[in-house]
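Note: the block below is upload-v3.txt and it holds compact mmCIF, C-alpha atoms and all ligand atoms.
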# COMPACT_ATOMS: atom_id res chain seq x y z
CA MET A 27 -4.92 -18.51 1.06
CA ASN A 28 -5.04 -15.12 -0.62
CA GLY A 29 -1.37 -15.09 -1.48
CA LEU A 30 1.73 -13.12 -0.69
CA LEU A 31 1.76 -9.35 -0.21
CA GLU A 32 5.05 -7.56 -0.62
CA ILE A 33 6.09 -4.01 0.19
CA ASN A 34 9.12 -2.87 -1.77
CA PRO A 35 10.58 0.38 -3.02
CA LEU A 36 9.05 1.00 -6.47
CA LYS A 37 11.35 -0.11 -9.28
CA LEU A 38 11.90 1.24 -12.78
CA GLU A 39 10.58 -2.00 -14.33
CA GLN A 40 7.22 -1.36 -12.62
CA LEU A 41 6.64 1.89 -14.56
CA ASN A 42 3.98 0.50 -16.89
CA ALA A 43 2.17 -1.15 -14.00
CA VAL A 44 2.26 1.95 -11.81
CA VAL A 45 0.89 4.18 -14.57
CA GLU A 46 -1.98 1.71 -15.04
CA LEU A 47 -2.61 1.53 -11.29
CA ASP A 48 -2.55 5.34 -11.07
CA ARG A 49 -5.14 5.49 -13.85
CA LEU A 50 -7.32 2.93 -12.06
CA CYS A 51 -7.34 4.41 -8.58
CA LEU A 52 -6.20 8.03 -8.93
CA GLY A 53 -7.76 8.90 -12.27
CA GLY A 54 -4.39 9.35 -14.02
CA LEU A 55 -2.81 11.81 -11.59
CA TRP A 56 0.83 11.26 -12.63
CA THR A 57 2.18 10.35 -16.06
CA ARG A 58 4.94 7.87 -16.81
CA GLU A 59 7.42 10.76 -17.09
CA VAL A 60 6.45 12.04 -13.65
CA TYR A 61 6.94 8.59 -12.06
CA GLN A 62 10.27 8.27 -13.84
CA ARG A 63 11.36 11.65 -12.48
CA GLU A 64 10.16 10.76 -8.98
CA LEU A 65 12.13 7.50 -9.05
CA ALA A 66 15.27 9.50 -9.79
CA SER A 67 14.64 12.12 -7.12
CA PRO A 68 16.55 11.69 -3.85
CA ASN A 69 13.77 13.48 -1.95
CA SER A 70 11.01 11.22 -3.20
CA ARG A 71 10.18 7.87 -1.59
CA LEU A 72 7.92 5.54 -3.55
CA LEU A 73 6.66 2.24 -2.18
CA SER A 74 4.91 -0.51 -4.08
CA LEU A 75 2.49 -3.10 -2.72
CA SER A 76 2.35 -6.23 -4.85
CA ARG A 77 0.32 -9.39 -4.66
CA THR A 78 1.52 -12.79 -5.77
CA ALA A 79 -1.14 -15.46 -5.97
CA GLU A 80 -0.28 -18.76 -4.34
CA LEU A 81 -1.51 -21.67 -6.41
CA SER A 82 -2.29 -25.21 -5.42
CA GLY A 83 0.03 -27.99 -6.55
CA ARG A 84 -2.65 -29.07 -9.05
CA GLU A 85 -2.60 -25.61 -10.65
CA GLN A 86 1.18 -25.64 -10.52
CA GLY A 87 1.24 -29.02 -12.23
CA SER A 88 -0.83 -27.72 -15.11
CA ARG A 89 1.93 -25.19 -15.72
CA GLY A 90 4.37 -27.92 -16.74
CA ALA A 91 8.03 -27.63 -15.82
CA GLU A 92 7.46 -24.43 -13.90
CA GLY A 93 4.98 -26.22 -11.67
CA GLN A 94 7.25 -29.22 -11.23
CA ARG A 95 10.05 -27.00 -10.00
CA GLY A 96 7.70 -25.55 -7.41
CA ARG A 97 6.93 -28.99 -5.93
CA GLY A 98 9.01 -30.24 -3.12
CA LYS A 99 9.76 -26.71 -2.00
CA THR A 100 6.53 -26.54 -0.04
CA SER A 101 7.22 -25.04 3.35
CA ARG A 102 3.74 -24.23 4.67
CA SER A 103 0.62 -26.34 4.87
CA ILE A 104 -2.28 -23.94 4.82
CA PRO A 105 -5.39 -25.30 3.08
CA LEU A 106 -6.78 -23.28 0.21
CA LEU A 107 -10.42 -22.37 0.75
CA GLY A 108 -12.65 -23.98 -1.84
CA THR A 109 -10.09 -26.48 -3.13
CA SER A 110 -9.58 -30.09 -2.32
CA ALA A 111 -5.84 -30.03 -2.89
CA PRO A 112 -4.07 -31.71 0.04
CA PRO A 113 -1.95 -29.31 2.06
CA HIS A 114 1.35 -30.79 0.93
CA PHE A 115 0.48 -29.85 -2.65
CA LEU A 116 0.49 -26.16 -1.75
CA THR A 117 3.53 -24.31 -2.86
CA PRO A 118 4.74 -20.82 -2.09
CA HIS A 119 4.34 -18.36 -4.93
CA SER A 120 4.02 -19.00 -8.59
CA ALA A 121 2.24 -16.32 -10.64
CA SER A 122 4.06 -13.08 -11.32
CA PRO A 123 3.45 -10.25 -8.84
CA GLN A 124 0.63 -7.80 -9.54
CA LEU A 125 1.05 -4.20 -8.41
CA ILE A 126 -1.99 -3.36 -6.27
CA GLY A 127 -0.88 -0.38 -4.19
CA ILE A 128 1.37 2.64 -4.42
CA SER A 129 2.49 5.40 -2.09
CA CYS A 130 4.84 8.33 -2.37
CA PHE A 131 6.05 11.11 -0.13
CA TRP A 132 8.47 13.94 -0.60
CA SER A 133 10.90 14.76 2.13
CA ILE A 134 11.05 18.55 2.35
CA LEU A 135 12.99 20.02 5.27
CA GLU A 136 11.43 18.32 8.30
CA GLU A 137 8.14 17.51 6.56
CA ALA A 138 6.77 14.47 4.73
CA HIS A 139 4.53 15.64 1.89
CA ILE A 140 2.32 12.69 1.02
CA THR A 141 1.71 12.96 -2.71
CA ILE A 142 0.32 9.56 -3.68
CA LEU A 143 -1.66 6.88 -1.86
CA GLY A 144 -3.68 4.43 -3.91
CA VAL A 145 -4.98 0.87 -3.75
CA ASN A 146 -6.43 -1.03 -6.71
CA PRO A 147 -10.26 -0.81 -6.37
CA ASP A 148 -10.49 -4.64 -6.32
CA TYR A 149 -8.39 -4.66 -3.14
CA GLN A 150 -9.82 -1.65 -1.31
CA GLY A 151 -11.48 -1.97 2.10
CA LYS A 152 -9.12 -4.75 3.23
CA GLY A 153 -6.74 -2.66 5.34
CA LEU A 154 -4.17 -2.23 2.59
CA GLY A 155 -4.51 1.57 2.51
CA GLN A 156 -3.74 1.56 6.23
CA LEU A 157 -0.77 -0.72 5.63
CA LEU A 158 0.67 1.70 3.07
CA LEU A 159 -0.02 4.74 5.25
CA CYS A 160 1.77 3.02 8.16
CA ALA A 161 4.68 2.31 5.83
CA ILE A 162 4.87 5.96 4.73
CA LEU A 163 4.83 7.17 8.33
CA GLN A 164 7.44 4.61 9.40
CA ASP A 165 9.73 5.79 6.60
CA ALA A 166 9.10 9.42 7.54
CA VAL A 167 10.10 8.62 11.13
CA ARG A 168 13.25 6.89 9.90
CA CYS A 169 14.08 10.02 7.90
CA GLN A 170 13.69 11.95 11.20
CA LEU A 171 10.86 14.05 9.79
CA GLU A 172 8.63 15.85 12.27
CA ARG A 173 5.36 16.43 10.42
CA ALA A 174 3.31 14.92 7.60
CA THR A 175 0.95 16.79 5.31
CA LEU A 176 -1.26 16.16 2.27
CA GLU A 177 -4.21 17.45 0.28
CA VAL A 178 -7.41 15.50 -0.16
CA ARG A 179 -10.72 16.11 -1.95
CA VAL A 180 -13.43 17.28 0.47
CA SER A 181 -15.70 14.50 -0.82
CA ASN A 182 -13.16 11.67 -0.34
CA ARG A 183 -14.74 10.14 2.78
CA THR A 184 -12.62 6.97 2.74
CA ALA A 185 -9.32 8.85 2.59
CA LEU A 186 -10.50 11.38 5.19
CA TYR A 187 -11.52 8.58 7.54
CA LEU A 188 -8.18 6.89 7.03
CA TYR A 189 -6.12 10.03 7.70
CA GLU A 190 -8.23 11.01 10.72
CA LYS A 191 -7.67 7.56 12.16
CA PHE A 192 -3.93 8.24 11.98
CA GLY A 193 -4.27 11.58 13.74
CA PHE A 194 -4.27 13.97 10.77
CA LYS A 195 -6.11 17.25 11.42
CA GLN A 196 -7.59 19.74 9.00
CA ALA A 197 -5.36 22.82 8.73
CA GLY A 198 -6.82 24.64 5.75
CA ARG A 199 -8.69 24.49 2.49
CA ARG A 200 -7.67 25.25 -1.10
CA ARG A 201 -10.66 26.48 -3.08
CA GLY A 202 -11.15 24.81 -6.48
CA TYR A 203 -7.82 22.98 -6.15
CA TYR A 204 -8.94 19.86 -8.02
CA LYS A 205 -10.24 19.67 -11.60
CA ASN A 206 -12.48 17.08 -13.30
CA PRO A 207 -14.59 17.49 -11.26
CA GLN A 208 -13.64 20.81 -9.76
CA GLU A 209 -13.54 20.58 -5.99
CA ASP A 210 -11.86 22.07 -2.92
CA ALA A 211 -8.92 20.36 -1.26
CA LEU A 212 -8.59 20.00 2.47
CA ILE A 213 -5.05 20.42 3.78
CA LEU A 214 -4.31 17.90 6.52
CA TRP A 215 -1.40 17.85 8.94
CA ARG A 216 -0.06 15.33 11.40
CA GLY A 217 2.62 16.54 13.82
CA ASP A 218 4.68 14.82 16.53
CA LEU A 219 6.27 12.26 14.20
CA ASP A 220 9.43 12.63 16.28
CA ARG A 221 7.69 11.84 19.62
CA SER A 222 8.04 8.46 21.30
CA GLU A 223 4.26 8.35 21.90
CA PHE A 224 3.73 8.52 18.14
CA HIS A 225 6.28 5.75 17.56
CA GLN A 226 4.37 3.53 19.99
CA MET A 227 1.06 4.32 18.24
CA LEU A 228 2.62 3.56 14.88
CA THR A 229 3.89 0.21 16.15
CA ASN A 230 0.38 -0.60 17.42
CA TRP A 231 -1.30 0.43 14.13
CA TYR A 232 1.16 -1.62 12.10
CA GLN A 233 0.59 -4.63 14.37
CA GLN A 234 -3.20 -4.27 14.06
CA VAL A 235 -3.12 -4.00 10.29
CA CYS A 236 -0.72 -6.97 10.03
CA ASP A 237 -3.04 -9.03 12.28
CA ARG A 238 -5.96 -8.18 9.97
CA ILE A 239 -3.96 -9.13 6.90
CA PHE A 240 -2.88 -12.46 8.42
CA HIS A 241 -6.45 -13.09 9.56
CA ASP A 242 -7.54 -12.58 5.92
CA GLN A 243 -5.07 -15.32 4.94
CA TRP A 244 -2.37 -13.17 3.40
CA ARG A 245 1.31 -13.55 4.03
CA LEU A 246 3.28 -10.30 4.18
CA ARG A 247 6.87 -9.63 3.25
CA ASP A 248 8.14 -6.12 3.87
CA SER A 249 11.54 -5.80 2.20
CA ARG A 250 12.19 -2.48 3.93
CA TRP A 251 13.16 -4.43 7.04
CA ASP A 252 15.86 -6.30 5.07
CA SER A 253 17.92 -3.14 4.76
CA TYR A 254 17.26 -1.66 8.20
C1 LIG A 301 -7.99 5.92 0.14
C2 LIG A 301 -7.51 4.48 -0.12
C3 LIG A 301 -6.00 4.49 -0.36
C4 LIG A 301 -7.81 3.65 1.12
O1 LIG A 301 -7.37 2.34 0.86
P1 LIG A 301 -8.19 1.07 1.39
O2 LIG A 301 -7.32 -0.11 1.20
O3 LIG A 301 -9.54 1.04 0.79
O4 LIG A 301 -8.28 1.46 2.92
P2 LIG A 301 -8.52 0.51 4.16
O5 LIG A 301 -9.15 -0.77 3.80
O6 LIG A 301 -7.24 0.49 4.90
O7 LIG A 301 -9.65 1.35 4.91
C5 LIG A 301 -9.38 2.57 5.51
C6 LIG A 301 -10.57 3.00 6.31
O8 LIG A 301 -11.51 3.63 5.46
C7 LIG A 301 -12.83 3.17 5.80
N1 LIG A 301 -13.56 2.97 4.59
C8 LIG A 301 -13.37 1.98 3.69
N2 LIG A 301 -14.25 2.12 2.68
C9 LIG A 301 -14.99 3.22 2.98
C10 LIG A 301 -16.05 3.90 2.36
N3 LIG A 301 -16.54 3.46 1.19
N4 LIG A 301 -16.56 5.01 2.96
C11 LIG A 301 -16.08 5.46 4.13
N5 LIG A 301 -15.07 4.85 4.77
C12 LIG A 301 -14.54 3.75 4.21
C13 LIG A 301 -12.72 1.88 6.48
O9 LIG A 301 -13.66 1.86 7.51
C14 LIG A 301 -11.30 1.81 6.94
O10 LIG A 301 -11.15 1.90 8.30
P3 LIG A 301 -11.48 0.63 9.23
O11 LIG A 301 -11.02 -0.58 8.50
O12 LIG A 301 -10.75 0.89 10.48
O13 LIG A 301 -12.96 0.64 9.40
C15 LIG A 301 -8.25 3.82 -1.31
O14 LIG A 301 -9.62 3.88 -1.08
C16 LIG A 301 -7.94 4.46 -2.65
O15 LIG A 301 -6.97 4.10 -3.31
N6 LIG A 301 -8.76 5.41 -3.05
C17 LIG A 301 -8.57 6.10 -4.33
C18 LIG A 301 -7.34 6.98 -4.29
C19 LIG A 301 -7.41 7.99 -3.17
O16 LIG A 301 -8.45 8.59 -2.91
N7 LIG A 301 -6.26 8.19 -2.52
C20 LIG A 301 -6.12 9.15 -1.44
C21 LIG A 301 -5.80 10.46 -2.02
S1 LIG A 301 -5.43 11.63 -0.76
Can you give me the file's structure in the form of structure tokens?
Ligand SMILES: CC(C)(COP(=O)(O)OP(=O)(O)OC[C@H]1O[C@@H](n2cnc3c(N)ncnc32)[C@H](O)[C@@H]1OP(=O)(O)O)[C@@H](O)C(=O)NCCC(=O)NCCS
Amino acid sequence: MNGLLEINPLKLEQLNAVVELDRLCLGGLWTREVYQRELASPNSRLLSLSRTAELSGREQGSRGAEGQRGRGKTSRSIPLLGTSAPPHFLTPHSASPQLIGISCFWSILEEAHITILGVNPDYQGKGLGQLLLCAILQDAVRCQLERATLEVRVSNRTALYLYEKFGFKQAGRRRGYYKNPQEDALILWRGDLDRSEFHQMLTNWYQQVCDRIFHDQWRLRDSRWDSY
């Protein structure tokens, strides 16, 4: 079992973690002050993706009273790969959550401007970027936005592949937009966010990415549904 993945709105107490994650996967794009300002902005929507490891009862036990409290609450019996702990020893979560993904978009008139999308390099290539992009687009739909746009480095093949998969098209180029190293930005757009066909596609993408995550032995909790 890989553990529990959680999507939540980013919280103020995650500031240190998000600055570190930004440094790791975006090269230090936004400072602490910028994240703080974004959290306070009504037009900015920030989502966090966290991972909580799920430990075996044996590991829990070695944590003393904390582990003892965890016992008896076991609700699932999914064997841990590579351990001999009997299923009933497995407990839901234990370690503190680790921030592994971040996304942000600005809501400007009827457009979603995607400003941040990043996944910790240790967790890339597992569908989590797609999960976060689905979440951004779902939130944009809920805000009744009609289009989504973003800038991306011309050399960023992974991001370009990801956005193309979700129907983004190249609409322009900003010469020398990025520094360190200097590079052009491609401007991508995705329209039709308000069309029922897009809503159906989004539902299918989300289902596919969730299936992949469950197949990889993650559990997923998306707190956005709690408030909808
Ligand atoms: C872009 C980013 C968010 C994607 O996250 P991720 O979790 O790695 O993405 P996914 O696992 O969902 O993979 C997305 C697609 O990219 C493709 N991909 C993954 N690694 C790739 C690589 N090295 N080269 C080309 N394509 C790649 C995959 O094929 C995948 O599609 P598929 O699973 O249908 O085949 C992540 O790589 C990242 O944080 N990069 C650094 C920050 C960044 O560039 N952000 C975007 C700025 S606009």
With all atoms listed in the file counted and 7 Å as the cut-off, give the residues of chain A in contact with ligand LIG 301 (chain A), each with its shortest interatomic distance in Å and the pair that gives it, as a Markdown table.
| residue | atom | partner | partner_atom | distance |
| --- | --- | --- | --- | --- |
| A:Cys51 | CA | A:LIG301 | C17 | 4.7 |
| A:Leu52 | CA | A:LIG301 | C18 | 4.9 |
| A:Ile142 | CA | A:LIG301 | C21 | 6.4 |
| A:Leu143 | CA | A:LIG301 | N7 | 4.8 |
| A:Gly144 | CA | A:LIG301 | O15 | 3.4 |
| A:Val145 | CA | A:LIG301 | O15 | 3.8 |
| A:Asn146 | CA | A:LIG301 | O15 | 6.2 |
| A:Pro147 | CA | A:LIG301 | O15 | 6.7 |
| A:Tyr149 | CA | A:LIG301 | O2 | 6.4 |
| A:Gln150 | CA | A:LIG301 | O3 | 3.4 |
| A:Gly151 | CA | A:LIG301 | O5 | 3.1 |
| A:Lys152 | CA | A:LIG301 | O5 | 4.0 |
| A:Gly153 | CA | A:LIG301 | O6 | 3.2 |
| A:Leu154 | CA | A:LIG301 | O2 | 4.0 |
| A:Gly155 | CA | A:LIG301 | O1 | 3.4 |
| A:Gln156 | CA | A:LIG301 | O6 | 3.9 |
| A:Leu157 | CA | A:LIG301 | O6 | 6.6 |
| A:Leu176 | CA | A:LIG301 | S1 | 6.9 |
| A:Glu177 | CA | A:LIG301 | S1 | 6.0 |
| A:Val178 | CA | A:LIG301 | S1 | 4.4 |
| A:Asn182 | CA | A:LIG301 | O16 | 6.2 |
| A:Arg183 | CA | A:LIG301 | C11 | 5.1 |
| A:Thr184 | CA | A:LIG301 | N5 | 3.8 |
| A:Ala185 | CA | A:LIG301 | C1 | 4.0 |
| A:Tyr187 | CA | A:LIG301 | O8 | 5.4 |
| A:Leu188 | CA | A:LIG301 | C6 | 4.6 |
Skip stretch 214-230 of chain A itself and residues of its chain fewer than 3 positions away, then list as a PDB file with C-alpha atoms, in the coordinates of the input all residues within 9 Å of it, counting only C-alpha atoms.
ATOM      1  CA  CYS A 160       1.770   3.020   8.160  1.00  0.00           C
ATOM      2  CA  LEU A 163       4.830   7.170   8.330  1.00  0.00           C
ATOM      3  CA  GLN A 164       7.440   4.610   9.400  1.00  0.00           C
ATOM      4  CA  ALA A 166       9.100   9.420   7.540  1.00  0.00           C
ATOM      5  CA  VAL A 167      10.100   8.620  11.130  1.00  0.00           C
ATOM      6  CA  GLN A 170      13.690  11.950  11.200  1.00  0.00           C
ATOM      7  CA  LEU A 171      10.860  14.050   9.790  1.00  0.00           C
ATOM      8  CA  GLU A 172       8.630  15.850  12.270  1.00  0.00           C
ATOM      9  CA  ARG A 173       5.360  16.430  10.420  1.00  0.00           C
ATOM     10  CA  ALA A 174       3.310  14.920   7.600  1.00  0.00           C
ATOM     11  CA  THR A 175       0.950  16.790   5.310  1.00  0.00           C
ATOM     12  CA  LEU A 176      -1.260  16.160   2.270  1.00  0.00           C
ATOM     13  CA  GLU A 177      -4.210  17.450   0.280  1.00  0.00           C
ATOM     14  CA  VAL A 178      -7.410  15.500  -0.160  1.00  0.00           C
ATOM     15  CA  TYR A 189      -6.120  10.030   7.700  1.00  0.00           C
ATOM     16  CA  GLU A 190      -8.230  11.010  10.720  1.00  0.00           C
ATOM     17  CA  PHE A 192      -3.930   8.240  11.980  1.00  0.00           C
ATOM     18  CA  GLY A 193      -4.270  11.580  13.740  1.00  0.00           C
ATOM     19  CA  PHE A 194      -4.270  13.970  10.770  1.00  0.00           C
ATOM     20  CA  LYS A 195      -6.110  17.250  11.420  1.00  0.00           C
ATOM     21  CA  GLN A 196      -7.590  19.740   9.000  1.00  0.00           C
ATOM     22  CA  ALA A 197      -5.360  22.820   8.730  1.00  0.00           C
ATOM     23  CA  GLY A 198      -6.820  24.640   5.750  1.00  0.00           C
ATOM     24  CA  ARG A 199      -8.690  24.490   2.490  1.00  0.00           C
ATOM     25  CA  GLN A 233       0.590  -4.630  14.370  1.00  0.00           C
ATOM     26  CA  GLN A 234      -3.200  -4.270  14.060  1.00  0.00           C
ATOM     27  CA  VAL A 235      -3.120  -4.000  10.290  1.00  0.00           C
TER      28      VAL A 235
END
Counting only C-alpha atoms, the option among A:Thr141, A:Glu59, A:Asp237, A:Val180 closest to A:Ile162: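 Distance minimum relative to A:Ile162 lands on A:Thr141.
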A:Leu75 environment, 12 Å, all atoms listed in the file, sequence neighbours closer than 3 positions dropped, as a ChimeraX atom specification: /A:30-37,40,43-44,47,72,78,123-130,143-146,149,154-159,161-162,246-250
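One distance worth recording is that between atom CA of A:Phe131 and atom CA of A:Asn69, which is 8.3 Å.
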Which of A:Ile239, A:Arg168, A:Asn206, A:Arg63 sits closest to A:Trp251 [using only C-alpha atoms]: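 Ranked by minimum distance to A:Trp251, first place goes to A:Arg168.
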Separation of atom CA of A:Tyr204 from atom CA of A:Gly53 in Å: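 Taking atom CA of A:Gly53 and atom CA of A:Tyr204, their separation equals 11.8 Å.
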Atomic separation - atom CA of A:Leu38 relative to atom CA of A:Glu136, Å: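 Interatomic distance, atom CA of A:Glu136 to atom CA of A:Leu38: 27.1 Å.
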How big is the axis-aligned box around the listed atoms of stretch 187-193 of chain A once 5 Å is added on each side, and where is its centre? Give both in Å to one decimal, as JSON.
{"center_x": -7.7, "center_y": 9.2, "center_z": 10.4, "size_x": 17.6, "size_y": 14.7, "size_z": 16.7}
For A:Arg58: contacts at 8 Å, all atoms listed in the file, fewer than 5 positions along chain excluded, given as a ChimeraX atom specification: /A:41-42,45
